>>> print(open('data.cif').read())   # mmCIF, C-alpha atoms and all ligand atoms
data_my_file
loop_
_atom_site.label_atom_id
_atom_site.label_comp_id
_atom_site.auth_asym_id
_atom_site.auth_seq_id
_atom_site.Cartn_x
_atom_site.Cartn_y
_atom_site.Cartn_z
CA MET A 23 161.17 169.96 140.19
CA ASP A 24 158.16 169.27 138.02
CA MET A 25 156.84 165.91 139.13
CA LYS A 26 154.40 163.84 137.13
CA VAL A 27 151.60 162.42 139.25
CA GLU A 28 149.16 159.63 138.40
CA ILE A 29 145.63 161.05 138.32
CA ARG A 30 142.50 158.89 138.12
CA TRP A 31 139.32 160.79 137.26
CA VAL A 32 135.90 159.52 138.25
CA LYS A 33 132.62 161.04 137.05
CA GLU A 34 130.81 160.74 140.34
CA THR A 35 131.52 159.34 143.78
CA ASP A 36 130.37 159.91 147.35
CA SER A 37 133.65 161.46 148.49
CA THR A 38 137.12 161.13 146.93
CA GLN A 39 138.39 160.46 150.47
CA ASP A 40 136.28 157.31 150.64
CA GLU A 41 136.87 156.39 146.97
CA LEU A 42 140.62 156.49 147.55
CA ARG A 43 140.35 154.48 150.75
CA ARG A 44 138.36 151.78 148.90
CA ARG A 45 140.95 151.66 146.11
CA ILE A 46 144.02 152.13 148.25
CA SER A 47 145.71 148.91 147.13
CA GLU A 48 145.80 150.24 143.52
CA CYS A 49 147.27 153.59 144.53
CA ASP A 50 150.98 154.42 144.67
CA ASN A 51 152.46 157.10 146.84
CA MET A 52 151.19 160.57 145.78
CA SER A 53 148.64 159.29 143.29
CA VAL A 54 145.37 161.19 143.03
CA ILE A 55 141.69 160.39 142.67
CA ALA A 56 139.73 163.36 141.32
CA ALA A 57 135.96 163.58 140.91
CA GLU A 58 133.82 165.61 138.55
CA PHE A 59 131.15 165.44 141.24
CA GLN A 60 130.92 164.28 144.84
CA THR A 61 127.51 163.35 146.21
CA ALA A 62 128.69 163.47 149.84
CA GLY A 63 131.83 165.67 149.90
CA ARG A 64 133.08 166.02 153.45
CA GLY A 65 134.54 169.11 155.13
CA GLN A 66 136.11 169.84 158.49
CA ARG A 67 134.17 169.81 161.76
CA GLY A 68 131.68 167.31 160.30
CA ASN A 69 130.48 169.82 157.66
CA SER A 70 129.73 168.89 154.06
CA TRP A 71 131.76 170.31 151.15
CA HIS A 72 129.79 172.03 148.41
CA ALA A 73 131.02 172.09 144.79
CA LEU A 74 128.89 172.38 141.64
CA LYS A 75 129.25 169.52 139.14
CA GLY A 76 132.22 169.91 136.80
CA GLU A 77 133.20 173.39 137.99
CA ASN A 78 135.79 172.85 140.68
CA LEU A 79 138.66 170.61 141.73
CA THR A 80 137.70 167.99 144.30
CA PHE A 81 140.34 165.33 144.80
CA SER A 82 142.36 163.27 147.26
CA MET A 83 146.08 162.48 147.20
CA LEU A 84 147.54 159.45 148.96
CA LEU A 85 150.73 159.81 150.99
CA ARG A 86 152.36 156.55 151.93
CA PHE A 87 154.97 156.33 154.67
CA GLY A 88 157.53 153.56 155.11
CA GLU A 89 158.09 150.99 152.36
CA GLY A 90 157.22 152.37 148.91
CA GLY A 91 156.63 155.83 150.28
CA PHE A 92 158.12 158.65 152.34
CA PRO A 93 160.47 157.97 155.25
CA PRO A 94 158.67 156.98 158.48
CA LEU A 95 156.94 159.91 160.18
CA ASN A 96 156.06 159.85 163.86
CA ALA A 97 152.44 160.84 164.44
CA ARG A 98 153.58 163.61 166.81
CA GLY A 99 155.21 165.31 163.81
CA GLN A 100 152.24 165.03 161.46
CA PHE A 101 151.66 168.79 161.27
CA VAL A 102 154.39 168.86 158.57
CA VAL A 103 151.89 167.15 156.26
CA THR A 104 149.50 170.08 156.74
CA LYS A 105 152.31 172.57 156.11
CA ALA A 106 153.51 170.84 152.94
CA ALA A 107 149.95 170.46 151.61
CA THR A 108 148.99 174.10 152.18
CA LEU A 109 152.24 175.33 150.63
CA GLY A 110 151.69 173.10 147.59
CA VAL A 111 148.33 174.82 147.00
CA VAL A 112 149.74 178.31 147.67
CA HIS A 113 152.56 177.74 145.14
CA TYR A 114 150.02 176.55 142.56
CA LEU A 115 147.77 179.60 143.08
CA ASN A 116 150.80 181.90 142.92
CA LYS A 117 151.65 180.35 139.51
CA LYS A 118 148.14 181.41 138.47
CA SER A 119 148.92 184.95 139.71
CA ILE A 120 146.67 184.57 142.74
CA GLY A 121 148.18 185.76 146.00
CA CYS A 122 146.86 183.98 149.09
CA SER A 123 147.40 183.23 152.74
CA ILE A 124 146.90 180.21 154.99
CA LYS A 125 144.11 180.38 157.51
CA TRP A 126 145.36 178.04 160.22
CA PRO A 127 145.48 175.16 160.01
CA ASN A 128 144.73 174.41 156.36
CA ASP A 129 142.28 176.75 154.62
CA ILE A 130 143.58 178.86 151.77
CA TYR A 131 142.31 182.43 151.77
CA VAL A 132 142.47 185.28 149.30
CA ARG A 133 142.13 188.38 151.47
CA ASP A 134 139.04 187.50 153.61
CA LYS A 135 137.61 184.82 151.32
CA LYS A 136 138.10 181.08 151.16
CA ILE A 137 139.27 179.60 147.87
CA CYS A 138 140.34 176.16 149.09
CA GLY A 139 139.61 173.78 151.94
CA MET A 140 141.40 170.64 153.06
CA LEU A 141 140.62 167.52 155.00
CA ILE A 142 143.60 165.37 155.98
CA GLU A 143 142.78 161.89 157.28
CA SER A 144 145.61 159.72 158.55
CA VAL A 145 145.92 156.12 159.64
CA LEU A 146 148.54 155.05 162.16
CA ASP A 147 150.82 152.06 162.28
CA GLY A 148 151.94 152.06 165.91
CA GLU A 149 153.53 155.47 166.62
CA ASN A 150 154.07 156.29 162.96
CA LEU A 151 151.77 157.31 160.15
CA ALA A 152 150.92 154.44 157.80
CA TYR A 153 149.30 156.76 155.28
CA SER A 154 147.52 160.08 154.94
CA ILE A 155 144.71 160.90 152.56
CA VAL A 156 144.93 164.58 151.72
CA GLY A 157 141.53 165.76 150.45
CA ILE A 158 141.45 169.12 148.71
CA GLY A 159 138.63 171.23 147.28
CA VAL A 160 139.56 174.29 145.21
CA ASN A 161 136.91 176.66 143.88
CA VAL A 162 137.91 177.07 140.24
CA ASN A 163 135.19 178.01 137.73
CA GLN A 164 132.19 178.40 140.04
CA ARG A 165 130.68 181.91 140.06
CA ASP A 166 127.61 181.51 142.28
CA PHE A 167 127.64 179.94 145.72
CA PRO A 168 124.74 179.07 148.00
CA ALA A 169 124.10 181.69 150.68
CA GLN A 170 125.07 179.33 153.50
CA ILE A 171 128.69 179.03 152.29
CA VAL A 172 130.76 181.47 154.32
CA ASN A 173 133.06 183.86 152.38
CA PRO A 174 133.60 181.81 149.18
CA VAL A 175 135.68 182.93 146.23
CA SER A 176 136.91 181.12 143.13
CA MET A 177 139.80 181.45 140.70
CA THR A 178 137.39 182.65 138.00
CA LEU A 179 135.89 185.31 140.26
CA LEU A 180 139.40 186.62 140.91
CA THR A 181 140.93 186.51 137.42
CA GLY A 182 137.96 186.43 135.02
CA GLU A 183 139.49 183.37 133.32
CA GLU A 184 137.79 180.02 132.63
CA TYR A 185 140.01 177.05 133.50
CA ASN A 186 140.34 173.54 132.07
CA LEU A 187 140.00 171.30 135.12
CA GLU A 188 142.14 168.43 133.83
CA ASP A 189 145.02 170.78 133.03
CA GLU A 190 144.74 172.53 136.37
CA MET A 191 144.57 169.21 138.21
CA GLU A 192 147.92 168.19 136.68
CA ILE A 193 149.63 171.44 137.58
CA LEU A 194 148.27 171.41 141.13
CA ALA A 195 149.12 167.72 141.69
CA SER A 196 152.65 168.39 140.51
CA SER A 197 153.00 171.38 142.82
CA LEU A 198 151.77 169.29 145.76
CA ALA A 199 154.13 166.45 144.89
CA ASP A 200 157.07 168.90 144.79
CA SER A 201 156.10 170.30 148.16
CA PHE A 202 155.62 166.88 149.81
CA THR A 203 158.90 165.64 148.36
CA THR A 204 160.86 168.65 149.64
CA VAL A 205 159.34 168.56 153.11
CA LEU A 206 158.88 164.85 153.77
CA ARG A 207 162.17 163.66 152.25
CA GLY A 208 164.69 164.80 154.81
CA LYS A 209 163.85 168.50 155.15
CA PRO A 210 161.11 168.62 157.80
CA ASP A 211 161.90 172.28 158.61
CA ALA A 212 161.75 173.41 154.99
CA ALA A 213 158.15 174.54 155.30
CA ASP A 214 158.28 176.21 158.73
CA GLU A 215 159.33 179.73 157.83
CA GLU A 216 157.09 180.00 154.77
CA TYR A 217 154.02 178.55 156.54
CA GLU A 218 154.41 181.01 159.43
CA ARG A 219 154.99 183.94 157.10
CA LEU A 220 151.83 183.16 155.13
CA LEU A 221 149.53 182.80 158.14
CA TYR A 222 146.28 184.71 157.69
CA ARG A 223 145.86 187.50 160.26
CA LYS A 224 149.29 187.01 161.79
CA GLY A 225 150.67 189.88 163.85
CA SER A 226 147.61 192.13 164.38
CA PHE A 227 144.70 192.03 166.81
CA TYR A 228 141.37 190.56 165.65
CA GLU A 229 138.32 189.05 167.33
CA TYR A 230 138.04 185.33 167.96
CA THR A 231 135.54 183.09 169.71
CA ARG A 232 136.58 180.56 172.31
CA CYS A 233 134.83 177.22 171.62
CA PRO A 234 132.64 175.71 172.86
CA GLU A 235 132.09 178.50 175.48
CA GLY A 236 131.25 181.09 172.80
CA GLU A 237 133.15 183.88 174.60
CA THR A 238 134.60 186.52 172.25
CA PHE A 239 138.07 187.96 172.81
CA GLU A 240 140.73 189.96 171.01
CA GLY A 241 143.96 188.23 170.16
CA ARG A 242 146.99 188.41 167.95
CA ILE A 243 148.31 185.36 166.11
CA ILE A 244 151.97 184.85 166.89
CA GLY A 245 152.47 181.56 165.07
CA THR A 246 152.00 177.84 165.53
CA THR A 247 153.64 175.26 167.77
CA GLU A 248 155.53 172.23 166.46
CA ASP A 249 152.52 170.03 167.11
CA GLY A 250 150.20 172.34 165.18
CA LEU A 251 148.51 174.42 167.89
CA LEU A 252 147.74 178.08 167.21
CA LEU A 253 149.64 180.57 169.40
CA LEU A 254 147.70 183.72 170.24
CA GLU A 255 148.69 186.63 172.40
CA ASP A 256 145.89 188.37 174.29
CA LYS A 257 145.65 192.08 175.17
CA LYS A 258 147.43 191.44 178.50
CA GLY A 259 150.40 190.01 176.63
CA GLU A 260 149.67 186.44 177.71
CA LEU A 261 150.23 183.59 175.26
CA ASN A 262 147.47 181.03 174.74
CA LYS A 263 147.56 177.83 172.70
CA PHE A 264 144.50 176.59 170.84
CA ALA A 265 143.63 173.29 169.23
CA PHE A 266 141.49 173.32 166.07
CA LYS A 267 138.13 172.88 167.76
CA GLU A 268 138.88 175.38 170.55
CA ILE A 269 138.76 178.60 168.54
CA SER A 270 136.89 180.16 165.67
CA TYR A 271 137.77 183.29 163.70
CA ILE A 272 135.34 186.19 163.43
CA ILE A 273 135.60 187.30 159.81
C1 LIG B 1 136.88 172.14 154.65
O1 LIG B 1 137.32 173.25 154.38
O2 LIG B 1 135.93 172.00 155.42
C2 LIG B 1 137.54 170.92 154.05
C3 LIG B 1 137.02 170.64 152.70
C4 LIG B 1 137.66 169.45 152.03
C5 LIG B 1 136.96 169.11 150.75
C6 LIG B 1 137.67 168.09 149.92
S1 LIG B 1 136.91 167.92 148.33
C7 LIG B 1 137.85 166.49 148.01
C8 LIG B 1 137.93 165.70 149.30
N1 LIG B 1 136.79 164.81 149.40
C9 LIG B 1 135.99 165.17 150.41
O3 LIG B 1 134.94 164.58 150.71
N2 LIG B 1 136.48 166.24 151.05
C10 LIG B 1 137.73 166.68 150.47
#
>>> encode(input="data.cif", output="structure tokens")
Amino acid sequence: MDMKVEIRWVKETDSTQDELRRRISECDNMSVIAAEFQTAGRGQRGNSWHALKGENLTFSMLLRFGEGGFPPLNARGQFVVTKAATLGVVHYLNKKSIGCSIKWPNDIYVRDKKICGMLIESVLDGENLAYSIVGIGVNVNQRDFPAQIVNPVSMTLLTGEEYNLEDEMEILASSLADSFTTVLRGKPDAADEEYERLLYRKGSFYEYTRCPEGETFEGRIIGTTEDGLLLLEDKKGELNKFAFKEISYII
């Protein structure tokens, strides 16, 4: 598959998440709004998302469910959206000869450094998803990052190449559209094995912090549950499940 996706570029906006939400009636399933610069880019856990003007990809893709979009998806199964989105980015980076892993639930890492972050915001219609806005920031041409950004890396820092953002946006959007189409059109399990295999720090013991208590412990990632919790085994062999805000990695 090599799907063509409609991409609308804006010079500047607060956040492509909010820009897309404001323009949602103009947007078809899987169309994209990309910004050269965001004045108030949003990250996970209420953080902001930093990206220098014109150097990186900052965009949002709309996923519609039901009429005019993907088959209905029960909110309990919405972790498949995360899986499909992360795999779409991984496949794109692999095409660029960049090997990466998925830091649960949806960061993309190259060894111990973050190259891409995601914010997925969904709106429900009863028990099902009405739509999801998948917001993605990829560090592309940026070489210097402010000291407060933890473990950043960019495509340029890894390959030495300078990238054309419009070209890269098209290739990445197409890779995401392929991934969403495979996973959300009748093959919900298609992403499971690959997502689990690509999990950052899977299978060995590392240190984590329990939140909000702040207690540090050693654990081994075993995988994820169907509803998107992280499964960790502790040194006593006991399995523990964590939701996103309940654990932080020590890197
Ligand atoms: C994170 O790792 O904390 C998530 C970062 C998500 C950033 C992207 S950039 C495009 C879209 N618009 C936003 O305001 N946030 C997402």
>>> atom_distance(input="data.cif", atom1="atom C6 of ligand LIG 1 (chain B)", atom2="CA of Thr108 (chain A)")
13.0 Å
>>> residues_near_ligand(input="data.cif", ligand="ligand LIG 1 (chain B)", cutoff="10 Å", atoms="all atoms listed in the file", output="VMD selection string")
chain A and resid 35 to 42 55 to 57 59 to 73 78 to 83 128 to 130 136 to 143 155 to 161
>>> residues_near_point(input="data.cif", point="(140.5, 177.4, 134.1)", cutoff="12 Å", atoms="only C-alpha atoms", output="ChimeraX atom specification")
/A:76-79,115,118,160-164,176-191,193
>>> closest_residue(input="data.cif", among="A:Gly88, A:Val175, A:Thr204, A:Glu28", to="Ile120 (chain A)", atoms="all atoms listed in the file")
A:Val175
>>> atom_distance(input="data.cif", atom1="CA of Glu192 (chain A)", atom2="CA of Arg86 (chain A)")
19.7 Å
>>> residues_around(input="data.cif", residues="Lys117 (chain A)", least_positions_apart="4", cutoff="10 Å", atoms="only C-alpha atoms", output="number ranges by chain")
A: 111-113, 121, 193-194, 197
>>> residues_around(input="data.cif", residues="region 235-240 of chain A", least_positions_apart="4", cutoff="12 Å", atoms="all atoms listed in the file", output="PyMOL selection string")
chain A and resi 226-231+254-260+262+267-272
>>> residues_around(input="data.cif", residues="Ala97 (chain A)", least_positions_apart="5", cutoff="9 Å", atoms="only C-alpha atoms", output="VMD selection string")
chain A and resid 146 148 to 151
>>> closest_residue(input="data.cif", among="A:Lys105, A:Arg165, A:Arg242, A:Lys263", to="Glu216 (chain A)", atoms="all atoms listed in the file")
A:Lys105
>>> decode(input="data.cif", residues="region 177-190 of chain A", atoms="all heavy atoms", output="PDB file, in the first residue's frame")
ATOM      1  N   MET A 177      16.450  13.098  13.520  1.00  0.00           N
ATOM      2  CA  MET A 177      16.875  12.316  12.357  1.00  0.00           C
ATOM      3  C   MET A 177      18.231  12.809  11.867  1.00  0.00           C
ATOM      4  O   MET A 177      19.135  12.024  11.579  1.00  0.00           O
ATOM      5  CB  MET A 177      15.805  12.430  11.263  1.00  0.00           C
ATOM      6  CG  MET A 177      14.537  11.682  11.643  1.00  0.00           C
ATOM      7  SD  MET A 177      13.101  12.033  10.585  1.00  0.00           S
ATOM      8  CE  MET A 177      13.668  11.534   8.976  1.00  0.00           C
ATOM      9  N   THR A 178      18.383  14.130  11.784  1.00  0.00           N
ATOM     10  CA  THR A 178      19.650  14.716  11.337  1.00  0.00           C
ATOM     11  C   THR A 178      20.819  14.309  12.232  1.00  0.00           C
ATOM     12  O   THR A 178      21.895  13.966  11.736  1.00  0.00           O
ATOM     13  CB  THR A 178      19.527  16.257  11.313  1.00  0.00           C
ATOM     14  OG1 THR A 178      18.777  16.602  10.173  1.00  0.00           O
ATOM     15  CG2 THR A 178      20.868  16.941  11.247  1.00  0.00           C
ATOM     16  N   LEU A 179      20.598  14.348  13.547  1.00  0.00           N
ATOM     17  CA  LEU A 179      21.692  13.977  14.461  1.00  0.00           C
ATOM     18  C   LEU A 179      22.102  12.514  14.264  1.00  0.00           C
ATOM     19  O   LEU A 179      23.239  12.144  14.505  1.00  0.00           O
ATOM     20  CB  LEU A 179      21.279  14.233  15.919  1.00  0.00           C
ATOM     21  CG  LEU A 179      21.234  15.701  16.352  1.00  0.00           C
ATOM     22  CD1 LEU A 179      20.669  15.825  17.773  1.00  0.00           C
ATOM     23  CD2 LEU A 179      22.620  16.358  16.286  1.00  0.00           C
ATOM     24  N   LEU A 180      21.157  11.695  13.794  1.00  0.00           N
ATOM     25  CA  LEU A 180      21.466  10.272  13.626  1.00  0.00           C
ATOM     26  C   LEU A 180      22.094   9.956  12.276  1.00  0.00           C
ATOM     27  O   LEU A 180      22.928   9.066  12.167  1.00  0.00           O
ATOM     28  CB  LEU A 180      20.180   9.440  13.785  1.00  0.00           C
ATOM     29  CG  LEU A 180      19.601   9.414  15.196  1.00  0.00           C
ATOM     30  CD1 LEU A 180      18.169   8.904  15.177  1.00  0.00           C
ATOM     31  CD2 LEU A 180      20.467   8.544  16.108  1.00  0.00           C
ATOM     32  N   THR A 181      21.655  10.676  11.225  1.00  0.00           N
ATOM     33  CA  THR A 181      22.093  10.288   9.869  1.00  0.00           C
ATOM     34  C   THR A 181      23.007  11.320   9.222  1.00  0.00           C
ATOM     35  O   THR A 181      23.616  11.031   8.191  1.00  0.00           O
ATOM     36  CB  THR A 181      20.867  10.121   8.936  1.00  0.00           C
ATOM     37  OG1 THR A 181      20.243  11.414   8.789  1.00  0.00           O
ATOM     38  CG2 THR A 181      19.866   9.131   9.484  1.00  0.00           C
ATOM     39  N   GLY A 182      23.032  12.546   9.766  1.00  0.00           N
ATOM     40  CA  GLY A 182      23.829  13.607   9.150  1.00  0.00           C
ATOM     41  C   GLY A 182      23.142  14.250   7.944  1.00  0.00           C
ATOM     42  O   GLY A 182      23.665  15.179   7.347  1.00  0.00           O
ATOM     43  N   GLU A 183      21.943  13.737   7.604  1.00  0.00           N
ATOM     44  CA  GLU A 183      21.246  14.301   6.431  1.00  0.00           C
ATOM     45  C   GLU A 183      20.351  15.464   6.834  1.00  0.00           C
ATOM     46  O   GLU A 183      19.911  15.563   7.969  1.00  0.00           O
ATOM     47  CB  GLU A 183      20.349  13.234   5.800  1.00  0.00           C
ATOM     48  CG  GLU A 183      21.107  12.241   4.959  1.00  0.00           C
ATOM     49  CD  GLU A 183      20.173  11.206   4.359  1.00  0.00           C
ATOM     50  OE1 GLU A 183      19.087  11.583   3.869  1.00  0.00           O
ATOM     51  OE2 GLU A 183      20.528  10.022   4.404  1.00  0.00           O
ATOM     52  N   GLU A 184      20.055  16.334   5.843  1.00  0.00           N
ATOM     53  CA  GLU A 184      19.100  17.436   6.028  1.00  0.00           C
ATOM     54  C   GLU A 184      17.841  17.031   5.258  1.00  0.00           C
ATOM     55  O   GLU A 184      17.935  16.594   4.114  1.00  0.00           O
ATOM     56  CB  GLU A 184      19.720  18.700   5.420  1.00  0.00           C
ATOM     57  CG  GLU A 184      18.965  19.973   5.661  1.00  0.00           C
ATOM     58  CD  GLU A 184      19.212  20.544   7.064  1.00  0.00           C
ATOM     59  OE1 GLU A 184      20.133  20.073   7.773  1.00  0.00           O
ATOM     60  OE2 GLU A 184      18.466  21.443   7.428  1.00  0.00           O
ATOM     61  N   TYR A 185      16.686  17.131   5.862  1.00  0.00           N
ATOM     62  CA  TYR A 185      15.463  16.627   5.236  1.00  0.00           C
ATOM     63  C   TYR A 185      14.540  17.751   4.791  1.00  0.00           C
ATOM     64  O   TYR A 185      14.466  18.798   5.446  1.00  0.00           O
ATOM     65  CB  TYR A 185      14.705  15.729   6.222  1.00  0.00           C
ATOM     66  CG  TYR A 185      15.495  14.512   6.635  1.00  0.00           C
ATOM     67  CD1 TYR A 185      16.360  14.560   7.732  1.00  0.00           C
ATOM     68  CD2 TYR A 185      15.410  13.324   5.919  1.00  0.00           C
ATOM     69  CE1 TYR A 185      17.104  13.448   8.110  1.00  0.00           C
ATOM     70  CE2 TYR A 185      16.147  12.204   6.287  1.00  0.00           C
ATOM     71  CZ  TYR A 185      16.995  12.279   7.386  1.00  0.00           C
ATOM     72  OH  TYR A 185      17.732  11.177   7.758  1.00  0.00           O
ATOM     73  N   ASN A 186      13.811  17.503   3.688  1.00  0.00           N
ATOM     74  CA  ASN A 186      12.769  18.417   3.231  1.00  0.00           C
ATOM     75  C   ASN A 186      11.479  18.042   3.966  1.00  0.00           C
ATOM     76  O   ASN A 186      10.965  16.930   3.810  1.00  0.00           O
ATOM     77  CB  ASN A 186      12.606  18.272   1.713  1.00  0.00           C
ATOM     78  CG  ASN A 186      11.449  19.110   1.195  1.00  0.00           C
ATOM     79  OD1 ASN A 186      10.298  18.902   1.569  1.00  0.00           O
ATOM     80  ND2 ASN A 186      11.759  20.053   0.344  1.00  0.00           N
ATOM     81  N   LEU A 187      10.965  18.971   4.758  1.00  0.00           N
ATOM     82  CA  LEU A 187       9.847  18.624   5.646  1.00  0.00           C
ATOM     83  C   LEU A 187       8.576  18.246   4.887  1.00  0.00           C
ATOM     84  O   LEU A 187       7.844  17.355   5.314  1.00  0.00           O
ATOM     85  CB  LEU A 187       9.561  19.785   6.603  1.00  0.00           C
ATOM     86  CG  LEU A 187      10.622  20.053   7.676  1.00  0.00           C
ATOM     87  CD1 LEU A 187      10.179  21.180   8.584  1.00  0.00           C
ATOM     88  CD2 LEU A 187      10.910  18.806   8.512  1.00  0.00           C
ATOM     89  N   GLU A 188       8.311  18.923   3.769  1.00  0.00           N
ATOM     90  CA  GLU A 188       7.083  18.585   3.029  1.00  0.00           C
ATOM     91  C   GLU A 188       7.162  17.171   2.468  1.00  0.00           C
ATOM     92  O   GLU A 188       6.184  16.415   2.519  1.00  0.00           O
ATOM     93  CB  GLU A 188       6.848  19.599   1.907  1.00  0.00           C
ATOM     94  CG  GLU A 188       6.339  20.911   2.471  1.00  0.00           C
ATOM     95  CD  GLU A 188       5.966  21.921   1.409  1.00  0.00           C
ATOM     96  OE1 GLU A 188       5.718  21.526   0.259  1.00  0.00           O
ATOM     97  OE2 GLU A 188       5.941  23.118   1.745  1.00  0.00           O
ATOM     98  N   ASP A 189       8.323  16.821   1.938  1.00  0.00           N
ATOM     99  CA  ASP A 189       8.489  15.455   1.409  1.00  0.00           C
ATOM    100  C   ASP A 189       8.341  14.425   2.523  1.00  0.00           C
ATOM    101  O   ASP A 189       7.647  13.412   2.374  1.00  0.00           O
ATOM    102  CB  ASP A 189       9.884  15.272   0.772  1.00  0.00           C
ATOM    103  CG  ASP A 189      10.047  16.114  -0.483  1.00  0.00           C
ATOM    104  OD1 ASP A 189       9.030  16.636  -0.985  1.00  0.00           O
ATOM    105  OD2 ASP A 189      11.202  16.265  -0.933  1.00  0.00           O
ATOM    106  N   GLU A 190       8.992  14.702   3.641  1.00  0.00           N
ATOM    107  CA  GLU A 190       8.946  13.733   4.743  1.00  0.00           C
ATOM    108  C   GLU A 190       7.529  13.601   5.300  1.00  0.00           C
ATOM    109  O   GLU A 190       7.100  12.519   5.671  1.00  0.00           O
ATOM    110  CB  GLU A 190       9.931  14.124   5.854  1.00  0.00           C
ATOM    111  CG  GLU A 190      11.379  14.133   5.427  1.00  0.00           C
ATOM    112  CD  GLU A 190      11.818  12.872   4.684  1.00  0.00           C
ATOM    113  OE1 GLU A 190      11.447  11.755   5.106  1.00  0.00           O
ATOM    114  OE2 GLU A 190      12.517  12.994   3.660  1.00  0.00           O
TER     115      GLU A 190
END
